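Trainee: As input, take structure16.cif (mmCIF, C-alpha atoms):
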data_final
#
loop_
_atom_site.label_atom_id
_atom_site.label_comp_id
_atom_site.auth_asym_id
_atom_site.auth_seq_id
_atom_site.Cartn_x
_atom_site.Cartn_y
_atom_site.Cartn_z
CA MET M 1 128.64 96.34 110.48
CA ILE M 2 126.94 95.67 113.82
CA LEU M 3 123.35 94.48 113.99
CA TYR M 4 121.66 94.90 117.35
CA GLU M 5 119.56 91.82 117.96
CA ASP M 6 117.25 93.53 120.47
CA THR M 7 116.30 96.38 118.15
CA PRO M 8 113.28 95.50 116.00
CA PHE M 9 113.33 96.53 112.36
CA HIS M 10 109.79 97.29 111.13
CA ILE M 11 109.99 96.87 107.34
CA GLY M 12 107.02 97.46 105.05
CA THR M 13 105.37 99.78 102.56
CA ALA M 14 103.41 103.01 102.29
CA GLY M 15 99.93 101.59 101.66
CA TYR M 16 99.06 98.21 100.22
CA LYS M 17 96.08 98.63 97.90
CA PHE M 18 97.22 99.66 94.42
CA ASP M 19 95.76 98.53 91.11
CA ASP M 20 99.14 97.93 89.49
CA TRP M 21 100.27 95.63 92.33
CA THR M 22 97.89 93.00 90.97
CA GLY M 23 99.93 90.87 88.62
CA ASN M 24 103.19 92.47 89.83
CA PHE M 25 102.91 91.54 93.52
CA TYR M 26 99.44 90.18 94.20
CA PRO M 27 98.42 87.17 92.08
CA ARG M 28 96.07 88.10 89.25
CA GLY M 29 92.47 88.05 90.36
CA THR M 30 93.24 88.90 94.01
CA GLN M 31 90.22 90.66 95.48
CA ASN M 32 90.65 93.81 97.57
CA GLU M 33 89.52 92.06 100.75
CA ASN M 34 92.26 89.44 100.32
CA MET M 35 95.15 91.80 99.65
CA LEU M 36 96.06 92.52 103.26
CA GLY M 37 96.08 88.83 104.13
CA TYR M 38 98.40 88.08 101.22
CA TYR M 39 100.65 91.01 102.20
CA SER M 40 100.96 90.14 105.88
CA LYS M 41 100.30 86.38 106.06
CA ASP M 42 101.41 84.85 102.76
CA LYS M 43 104.36 87.18 102.21
CA GLY M 44 105.10 87.84 105.88
CA ILE M 45 105.46 91.63 105.71
CA LYS M 46 104.97 92.79 109.29
CA PHE M 47 104.78 96.57 108.98
CA LEU M 48 102.43 98.85 107.05
CA GLU M 49 101.92 102.57 106.80
CA LEU M 50 98.22 103.37 106.76
CA THR M 51 98.13 106.12 104.16
CA PHE M 52 94.42 106.29 103.29
CA THR M 53 94.09 108.36 106.49
CA PHE M 54 95.55 111.33 104.59
CA TYR M 55 92.28 111.59 102.67
CA THR M 56 89.67 109.86 104.84
CA ASP M 57 89.44 109.56 108.60
CA PRO M 58 89.64 106.01 109.90
CA THR M 59 86.46 104.55 111.37
CA GLU M 60 86.15 101.64 113.75
CA GLU M 61 84.45 99.68 110.99
CA ILE M 62 87.40 100.18 108.62
CA THR M 63 90.09 99.42 111.17
CA LYS M 64 88.20 96.42 112.52
CA ASN M 65 88.26 95.00 108.98
CA ILE M 66 91.98 95.74 108.79
CA ALA M 67 92.53 93.91 112.07
CA GLU M 68 90.47 90.91 110.99
CA ASN M 69 92.00 90.60 107.51
CA SER M 70 95.65 90.97 108.51
CA ALA M 71 98.14 88.86 110.42
CA GLU M 72 97.86 89.42 114.16
CA ASP M 73 101.47 90.61 114.32
CA LEU M 74 101.16 93.20 111.54
CA GLU M 75 102.06 96.60 113.01
CA PHE M 76 101.26 100.05 111.69
CA SER M 77 102.22 103.67 111.48
CA VAL M 78 99.53 106.18 110.59
CA ARG M 79 99.74 109.09 108.18
CA LEU M 80 98.09 112.25 109.48
CA PRO M 81 95.22 113.77 107.50
CA LYS M 82 95.79 116.52 104.97
CA ARG M 83 93.79 118.98 107.05
CA PHE M 84 96.26 118.68 109.93
CA LEU M 85 99.08 119.72 107.63
CA LYS M 86 97.23 122.94 106.84
CA ASN M 87 96.04 123.60 110.38
CA PRO M 88 96.81 121.70 113.60
CA SER M 89 93.09 121.75 114.34
CA SER M 90 91.73 120.98 117.80
CA PHE M 91 92.52 118.34 120.42
CA PHE M 92 88.94 117.17 119.98
CA ASP M 93 89.46 116.61 116.25
CA ALA M 94 92.68 114.69 116.93
CA SER M 95 90.95 112.53 119.55
CA ARG M 96 88.09 111.79 117.17
CA PHE M 97 90.62 110.75 114.53
CA LYS M 98 92.39 108.44 116.97
CA ASN M 99 89.11 106.91 118.14
CA GLY M 100 88.73 105.45 114.67
CA LEU M 101 91.96 103.52 115.24
CA ASP M 102 90.67 101.73 118.37
CA PRO M 103 90.53 98.18 116.91
CA ILE M 104 94.22 98.36 115.93
CA TYR M 105 95.44 100.97 118.44
CA PRO M 106 97.83 98.62 120.33
CA ARG M 107 99.47 97.75 117.01
CA VAL M 108 99.99 101.39 115.98
CA LYS M 109 103.63 102.21 116.64
CA ALA M 110 103.95 105.78 115.33
CA TYR M 111 102.29 108.72 113.59
CA PHE M 112 103.86 110.72 110.78
CA ALA M 113 103.05 113.94 108.97
CA ASP M 114 104.55 114.29 105.50
CA PHE M 115 104.88 117.95 104.64
CA PHE M 116 105.69 118.59 101.01
CA TYR M 117 107.89 121.20 99.42
CA ALA M 118 105.85 124.34 100.10
CA PHE M 119 106.16 123.85 103.88
CA ALA M 120 109.33 125.88 104.41
CA PRO M 121 111.23 126.74 107.59
CA SER M 122 109.64 129.49 109.69
CA ARG M 123 108.72 130.14 113.31
CA ALA M 124 105.04 129.67 112.45
CA ASN M 125 105.74 126.28 110.89
CA LEU M 126 107.83 125.17 113.86
CA ASP M 127 104.88 126.13 116.06
CA HIS M 128 102.62 124.12 113.75
CA ILE M 129 104.83 121.04 114.21
CA ALA M 130 104.84 121.55 117.98
CA ALA M 131 101.03 121.76 118.03
CA LEU M 132 100.76 118.49 116.10
CA ARG M 133 103.20 116.87 118.50
CA ASP M 134 100.93 117.88 121.39
CA ARG M 135 97.87 116.42 119.70
CA PHE M 136 99.58 113.12 118.86
CA SER M 137 101.82 112.66 121.89
CA ASP M 138 100.47 109.18 122.72
CA LYS M 139 102.84 107.56 120.18
CA PRO M 140 106.20 108.53 118.65
CA PHE M 141 105.55 111.38 116.23
CA PHE M 142 107.61 112.02 113.08
CA VAL M 143 107.65 114.67 110.38
CA GLU M 144 108.82 114.29 106.81
CA LEU M 145 110.12 117.63 105.59
CA ALA M 146 110.63 117.64 101.85
CA ASN M 147 111.97 121.20 101.59
CA ARG M 148 115.75 120.92 101.82
CA ARG M 149 116.03 124.28 103.61
CA TRP M 150 114.99 122.48 106.82
CA TYR M 151 118.28 120.57 106.76
CA LYS M 152 120.40 123.10 108.57
CA GLU M 153 121.75 122.39 112.02
CA LYS M 154 119.67 125.10 113.71
CA TYR M 155 116.37 123.73 112.39
CA ILE M 156 117.29 120.10 112.98
CA GLN M 157 118.18 120.95 116.58
CA GLU M 158 114.97 122.93 117.09
CA ILE M 159 112.88 120.00 115.86
CA LYS M 160 114.77 117.60 118.10
CA ASN M 161 114.23 119.98 121.01
CA LEU M 162 110.50 119.72 120.31
CA GLY M 163 110.75 115.94 120.80
CA VAL M 164 109.77 115.34 117.19
CA GLY M 165 111.44 112.83 114.91
CA MET M 166 112.68 113.71 111.44
CA VAL M 167 112.08 111.04 108.83
CA VAL M 168 115.16 109.97 106.88
CA CYS M 169 114.00 110.53 103.30
CA ASP M 170 115.51 108.88 100.24
CA TYR M 171 114.40 111.09 97.35
CA PRO M 172 116.02 111.17 93.91
CA SER M 173 119.20 113.24 94.19
CA SER M 174 118.15 115.30 91.16
CA SER M 175 114.75 116.28 92.63
CA GLY M 176 115.91 119.24 94.69
CA LEU M 177 114.11 117.78 97.70
CA ALA M 178 115.47 116.92 101.14
CA PRO M 179 118.91 115.32 101.27
CA TYR M 180 119.40 111.80 102.57
CA MET M 181 120.51 112.54 106.13
CA VAL M 182 120.66 109.70 108.64
CA ASN M 183 119.47 110.53 112.14
CA SER M 184 117.40 109.10 114.97
CA PHE M 185 114.91 110.54 117.41
CA GLU M 186 114.60 109.67 121.08
CA ARG M 187 115.42 106.01 120.50
CA ASN M 188 113.39 105.69 117.29
CA ALA M 189 114.51 105.99 113.67
CA TYR M 190 112.28 106.20 110.59
CA PHE M 191 113.25 105.78 106.92
CA ARG M 192 110.91 106.49 103.98
CA LEU M 193 112.37 105.33 100.67
CA TYR M 194 111.10 106.76 97.37
CA GLY M 195 113.77 105.51 95.00
CA ASN M 196 115.76 107.32 92.36
CA SER M 197 113.54 107.54 89.30
CA PRO M 198 115.27 109.52 86.51
CA LYS M 199 111.86 111.01 85.70
CA TRP M 200 111.67 112.75 89.10
CA ILE M 201 113.76 115.83 88.34
CA SER M 202 112.06 118.50 90.48
CA HIS M 203 109.80 118.76 93.51
CA ASP M 204 106.70 118.72 91.28
CA THR M 205 107.58 115.80 88.97
CA ARG M 206 106.96 112.96 91.39
CA ASP M 207 107.57 109.48 89.97
CA LEU M 208 107.48 106.33 92.11
CA GLU M 209 108.53 103.69 89.60
CA TYR M 210 111.87 102.49 90.93
CA ASN M 211 113.26 99.13 91.94
CA TYR M 212 116.05 99.35 94.52
CA LYS M 213 119.24 97.53 93.54
CA LYS M 214 121.09 95.21 95.90
CA ASP M 215 123.89 97.68 96.63
CA GLU M 216 121.32 100.38 97.47
CA LEU M 217 119.56 98.03 99.88
CA GLU M 218 122.94 97.18 101.42
CA LYS M 219 123.48 100.89 102.12
CA ILE M 220 120.06 101.18 103.77
CA ILE M 221 120.87 98.20 105.98
CA LYS M 222 124.23 99.69 106.90
CA ASP M 223 122.73 103.06 107.83
CA ALA M 224 119.72 101.61 109.65
CA SER M 225 121.95 99.19 111.54
CA ALA M 226 124.12 102.06 112.73
CA LEU M 227 121.04 103.74 114.16
CA SER M 228 119.89 100.50 115.76
CA ALA M 229 122.69 100.93 118.31
CA ILE M 230 120.85 103.91 119.81
CA SER M 231 117.26 103.08 118.86
CA ASP M 232 114.51 100.97 120.35
CA ASN M 233 112.80 100.77 116.95
CA VAL M 234 113.85 101.25 113.34
CA PHE M 235 110.99 101.85 110.90
CA ILE M 236 111.66 101.37 107.17
CA SER M 237 108.91 102.08 104.64
CA PHE M 238 109.22 101.70 100.89
CA CYS M 239 107.24 104.42 99.11
CA ASN M 240 108.21 103.41 95.55
CA SER M 241 104.72 102.07 95.01
CA SER M 242 104.51 101.88 91.21
CA LYS M 243 104.19 98.36 89.74
CA GLY M 244 104.63 96.60 93.06
CA CYS M 245 108.28 97.57 93.56
CA ALA M 246 107.74 98.55 97.21
CA PRO M 247 106.66 95.18 98.64
CA LYS M 248 109.27 93.33 96.61
CA ASN M 249 112.00 95.60 97.97
CA ALA M 250 110.61 95.27 101.52
CA ILE M 251 110.84 91.47 101.26
CA ASP M 252 114.34 91.66 99.74
CA LEU M 253 115.54 93.97 102.52
CA ARG M 254 114.08 91.73 105.23
CA LYS M 255 115.76 88.64 103.77
CA MET M 256 119.09 90.43 103.46
CA LEU M 257 118.84 91.66 107.04
CA GLU M 258 117.96 88.21 108.33
CA SER M 259 120.87 86.73 106.42
CA LYS M 260 123.30 89.16 108.03
CA LYS M 261 121.89 88.56 111.50
CA HIS M 262 122.18 84.79 111.19
CA GLY M 263 125.27 84.71 109.03
#
Using the file provided, produce a representation of the structure as structure tokens.
Mentor:
Amino acid sequence: MILYEDTPFHIGTAGYKFDDWTGNFYPRGTQNENMLGYYSKDKGIKFLELTFTFYTDPTEEITKNIAENSAEDLEFSVRLPKRFLKNPSSFFDASRFKNGLDPIYPRVKAYFADFFYAFAPSRANLDHIAALRDRFSDKPFFVELANRRWYKEKYIQEIKNLGVGMVVCDYPSSSGLAPYMVNSFERNAYFRLYGNSPKWISHDTRDLEYNYKKDELEKIIKDASALSAISDNVFISFCNSSKGCAPKNAIDLRKMLESKKHG
């Protein structure tokens, strides 16, 4: 396995503020305003997906607090709002959304839109993705496509032709969702890891309680390292948020990666 020293691996989690992380990841009694500092300073996790943006637009007040409460070298990707997944909306609306990111804008490394199962392959939906790409062209733009029908060569090639990245998704194999297919996009690769909960048996039985085993993390490192040969950045986000599994796995993966690099 070859690890490319010049390719940064951005390893973190999808969100950071969950009630059941207190006592499982955060020390008991940790206040909300101290969580991000513990995440990025005490535990040294240097990448975070901002996911609250799916429900609420960021404001300068919110992102200024994020900047002030986090380590200076914490970097972000930003989840697009739900309304953009239903309609690309206007350039003005996209610009207004991005204005709320101003205090952390230099530290934002990518945008992603996570389309769930009902978003199936069609010309209209490809046009929808292209419109979103146009509105968020200032950073690398990725789509997560949960419907496995997208994973045919003709659709994969069309999306690549649009200059859009496809997220490498690790869903439970029994869920009927997208297969785990390793690929990169214009010198950037993005993994989102949900785990393999036995309770997640269809696209509508989502369960995020899963702790990745060492051999599973080894496979992620192997696959991500292969992409690092052709990528300027590799983003890896743990989405298995229940009971604080995600940050623990992010720390484990980082330590394993560092060990291989220096071993």
Trainee: List the residues selected by the PyMOL selection byres ((chain M and resi 54-60) around 7) in the file shown, writing them as an MDAnalysis selection string.
Mentor: chainID M and resid 51:53 61:64 79:82 97 100:103
Trainee: Applied to this file, what does the PyMOL selection byres ((chain M and resi 69) around 9) return in terms of residues, put as a VMD selection string?
Mentor: chain M and resid 33 to 37 64 to 68 70 to 72
Trainee: Since I can't run it myself right now, could you work out what the PyMOL selection byres ((chain M and resi 198-201) around 12) selects here and report it as a list in words?
Mentor: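 What the PyMOL selection byres ((chain M and resi 198-201) around 12) grabs from the file is Tyr171, Pro172, Ser173, Ser174, Ser175, Gly176, Leu177, Tyr194, Gly195, Asn196, Ser197, Ser202, His203, Asp204, Thr205, Arg206, Asp207, Leu208, Glu209, Tyr210, Asn211 and Asn240 of chain M.
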Trainee: Do you know which residues are at most 8 Å from Phe238 in chain M counting all atoms listed in the file, after dropping those on the same chain fewer than 2 positions away, and could you put them as a list in words?
Mentor: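 Residues near the query, excluding close chain neighbours: Gly12, Thr13, Ala14, Arg192, Leu193, Tyr194, Ile236, Asn240, Ser241, Ala246, Pro247, Asn249 and Ala250 of chain M.
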Trainee: Find the spatial neighbours of Phe136 in chain M, counting all atoms listed in the file, within a cut-off of 10 Å - ignore same-chain residues fewer than 3 positions away - and output them as a JSON list (two decimals) with C-alpha atoms, keeping the file's coordinate frame.
Mentor:
[["chain", "number", "residue", "atom", "x", "y", "z"],
["M", 80, "LEU", "CA", 98.09, 112.25, 109.48],
["M", 91, "PHE", "CA", 92.52, 118.34, 120.42],
["M", 94, "ALA", "CA", 92.68, 114.69, 116.93],
["M", 95, "SER", "CA", 90.95, 112.53, 119.55],
["M", 98, "LYS", "CA", 92.39, 108.44, 116.97],
["M", 110, "ALA", "CA", 103.95, 105.78, 115.33],
["M", 111, "TYR", "CA", 102.29, 108.72, 113.59],
["M", 112, "PHE", "CA", 103.86, 110.72, 110.78],
["M", 130, "ALA", "CA", 104.84, 121.55, 117.98],
["M", 131, "ALA", "CA", 101.03, 121.76, 118.03],
["M", 132, "LEU", "CA", 100.76, 118.49, 116.10],
["M", 133, "ARG", "CA", 103.20, 116.87, 118.50],
["M", 139, "LYS", "CA", 102.84, 107.56, 120.18],
["M", 140, "PRO", "CA", 106.20, 108.53, 118.65],
["M", 141, "PHE", "CA", 105.55, 111.38, 116.23],
["M", 142, "PHE", "CA", 107.61, 112.02, 113.08]]
Trainee: Rank nothing, just name the residue among M:Tyr212, M:Tyr105, M:Phe25, M:Phe115 nearest to Leu145 in chain M, using all atoms listed in the file.
Mentor: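 Comparing M:Tyr212, M:Tyr105, M:Phe25, M:Phe115 against Leu145 in chain M, the winner is M:Phe115.
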Trainee: Considering all atoms listed in the file, can you say which of M:Val168, M:Val143, M:Cys245, M:Leu48 comes closest to Trp21 in chain M?
Mentor: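 Of all the options, M:Cys245 lies closest to Trp21 in chain M.
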Trainee: Could you check which of M:His10, M:Arg123, M:Lys222, M:Arg96 is closest to Glu158 in chain M, using only C-alpha atoms?
Mentor: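 Once distances to Glu158 in chain M are computed over only C-alpha atoms, the minimum belongs to M:Arg123.
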Trainee: When you count only C-alpha atoms, which of these residues is closest to Ala189 in chain M: M:Thr7, M:Glu49, M:Ala146, M:Tyr26?
Mentor: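 Closest residue, counting only C-alpha atoms: M:Thr7.
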Trainee: Mind pulling up the distance from CA of Met166 in chain M to CA of Ile221 in chain M?
Mentor: 18.4 Å
Trainee: Find the smallest box with edges along x, y and z containing every listed atom of range 149-168 of chain M, then add 4 Å on each side and report centre and edge lengths in Å to one decimal, as lines of an AutoDock Vina configuration file.
Mentor:
center_x = 115.8
center_y = 117.5
center_z = 112.3
size_x = 20.0
size_y = 23.1
size_z = 25.4
Trainee: Would you mind telling me which residue in M:Lys160, M:Arg135, M:Lys248, M:Arg187 lies nearest to Pro88 in chain M when using all atoms listed in the file?
Mentor: M:Arg135
Trainee: Just the number, please: distance in Å from CA of Ala226 in chain M to CA of Val108 in chain M, one decimal.
Mentor: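 Separation between CA of Ala226 in chain M and CA of Val108 in chain M: 24.4 Å.
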Trainee: Please, can range 192-226 of chain M be completed to N, CA and C atoms and returned as a CSV table (one decimal), in the frame of the given file?
Mentor:
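Final file, selection_31.csv:
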chain,number,residue,atom,x,y,z
M,192,ARG,N,111.9,106.6,105.0
M,192,ARG,CA,110.9,106.5,104.0
M,192,ARG,C,111.7,106.6,102.6
M,193,LEU,N,111.5,105.5,101.8
M,193,LEU,CA,112.4,105.3,100.7
M,193,LEU,C,111.6,105.4,99.4
M,194,TYR,N,111.9,106.5,98.6
M,194,TYR,CA,111.1,106.8,97.4
M,194,TYR,C,111.8,106.3,96.1
M,195,GLY,N,113.1,105.9,96.2
M,195,GLY,CA,113.8,105.5,95.0
M,195,GLY,C,114.4,106.7,94.2
M,196,ASN,N,115.0,106.3,93.1
M,196,ASN,CA,115.8,107.3,92.4
M,196,ASN,C,115.3,107.3,90.9
M,197,SER,N,114.0,107.5,90.7
M,197,SER,CA,113.5,107.5,89.3
M,197,SER,C,114.2,108.7,88.5
M,198,PRO,N,114.7,108.4,87.3
M,198,PRO,CA,115.3,109.5,86.5
M,198,PRO,C,114.2,110.5,86.0
M,199,LYS,N,112.9,110.1,86.1
M,199,LYS,CA,111.9,111.0,85.7
M,199,LYS,C,111.5,112.1,86.8
M,200,TRP,N,112.0,111.8,88.0
M,200,TRP,CA,111.7,112.8,89.1
M,200,TRP,C,112.8,113.8,89.2
M,201,ILE,N,112.7,114.9,88.5
M,201,ILE,CA,113.8,115.8,88.3
M,201,ILE,C,113.5,117.1,89.1
M,202,SER,N,112.3,117.3,89.7
M,202,SER,CA,112.1,118.5,90.5
M,202,SER,C,111.0,118.1,91.5
M,203,HIS,N,110.7,119.1,92.4
M,203,HIS,CA,109.8,118.8,93.5
M,203,HIS,C,108.4,118.5,93.0
M,204,ASP,N,108.1,118.9,91.8
M,204,ASP,CA,106.7,118.7,91.3
M,204,ASP,C,106.6,117.7,90.2
M,205,THR,N,107.6,116.9,90.0
M,205,THR,CA,107.6,115.8,89.0
M,205,THR,C,107.7,114.4,89.6
M,206,ARG,N,106.9,114.2,90.6
M,206,ARG,CA,107.0,113.0,91.4
M,206,ARG,C,106.8,111.7,90.5
M,207,ASP,N,107.7,110.8,90.7
M,207,ASP,CA,107.6,109.5,90.0
M,207,ASP,C,108.0,108.4,90.9
M,208,LEU,N,107.2,107.4,91.1
M,208,LEU,CA,107.5,106.3,92.1
M,208,LEU,C,107.8,105.0,91.5
M,209,GLU,N,108.2,105.0,90.2
M,209,GLU,CA,108.5,103.7,89.6
M,209,GLU,C,110.0,103.5,89.7
M,210,TYR,N,110.4,102.7,90.7
M,210,TYR,CA,111.9,102.5,90.9
M,210,TYR,C,112.1,101.2,91.7
M,211,ASN,N,113.0,100.4,91.3
M,211,ASN,CA,113.3,99.1,91.9
M,211,ASN,C,114.7,99.2,92.5
M,212,TYR,N,114.8,99.2,93.9
M,212,TYR,CA,116.0,99.4,94.5
M,212,TYR,C,117.0,98.2,94.2
M,213,LYS,N,118.2,98.5,93.8
M,213,LYS,CA,119.2,97.5,93.5
M,213,LYS,C,119.9,97.0,94.8
M,214,LYS,N,120.5,95.9,94.7
M,214,LYS,CA,121.1,95.2,95.9
M,214,LYS,C,122.1,96.1,96.7
M,215,ASP,N,122.9,96.8,95.9
M,215,ASP,CA,123.9,97.7,96.6
M,215,ASP,C,123.2,98.8,97.4
M,216,GLU,N,122.1,99.3,96.8
M,216,GLU,CA,121.3,100.4,97.5
M,216,GLU,C,120.7,99.9,98.7
M,217,LEU,N,120.1,98.6,98.7
M,217,LEU,CA,119.6,98.0,99.9
M,217,LEU,C,120.6,97.8,100.9
M,218,GLU,N,121.8,97.4,100.5
M,218,GLU,CA,122.9,97.2,101.4
M,218,GLU,C,123.3,98.5,102.2
M,219,LYS,N,123.2,99.6,101.5
M,219,LYS,CA,123.5,100.9,102.1
M,219,LYS,C,122.4,101.2,103.2
M,220,ILE,N,121.1,100.9,102.8
M,220,ILE,CA,120.1,101.2,103.8
M,220,ILE,C,120.3,100.3,105.0
M,221,ILE,N,120.6,99.1,104.8
M,221,ILE,CA,120.9,98.2,106.0
M,221,ILE,C,122.0,98.7,106.8
M,222,LYS,N,123.1,99.2,106.2
M,222,LYS,CA,124.2,99.7,106.9
M,222,LYS,C,123.8,100.9,107.7
M,223,ASP,N,123.1,101.8,107.1
M,223,ASP,CA,122.7,103.1,107.8
M,223,ASP,C,121.7,102.8,108.9
M,224,ALA,N,120.7,101.9,108.6
M,224,ALA,CA,119.7,101.6,109.6
M,224,ALA,C,120.3,100.8,110.8
M,225,SER,N,121.3,100.0,110.5
M,225,SER,CA,122.0,99.2,111.5
M,225,SER,C,122.8,100.1,112.5
M,226,ALA,N,123.4,101.1,111.9
M,226,ALA,CA,124.1,102.1,112.7
M,226,ALA,C,123.2,102.7,113.7
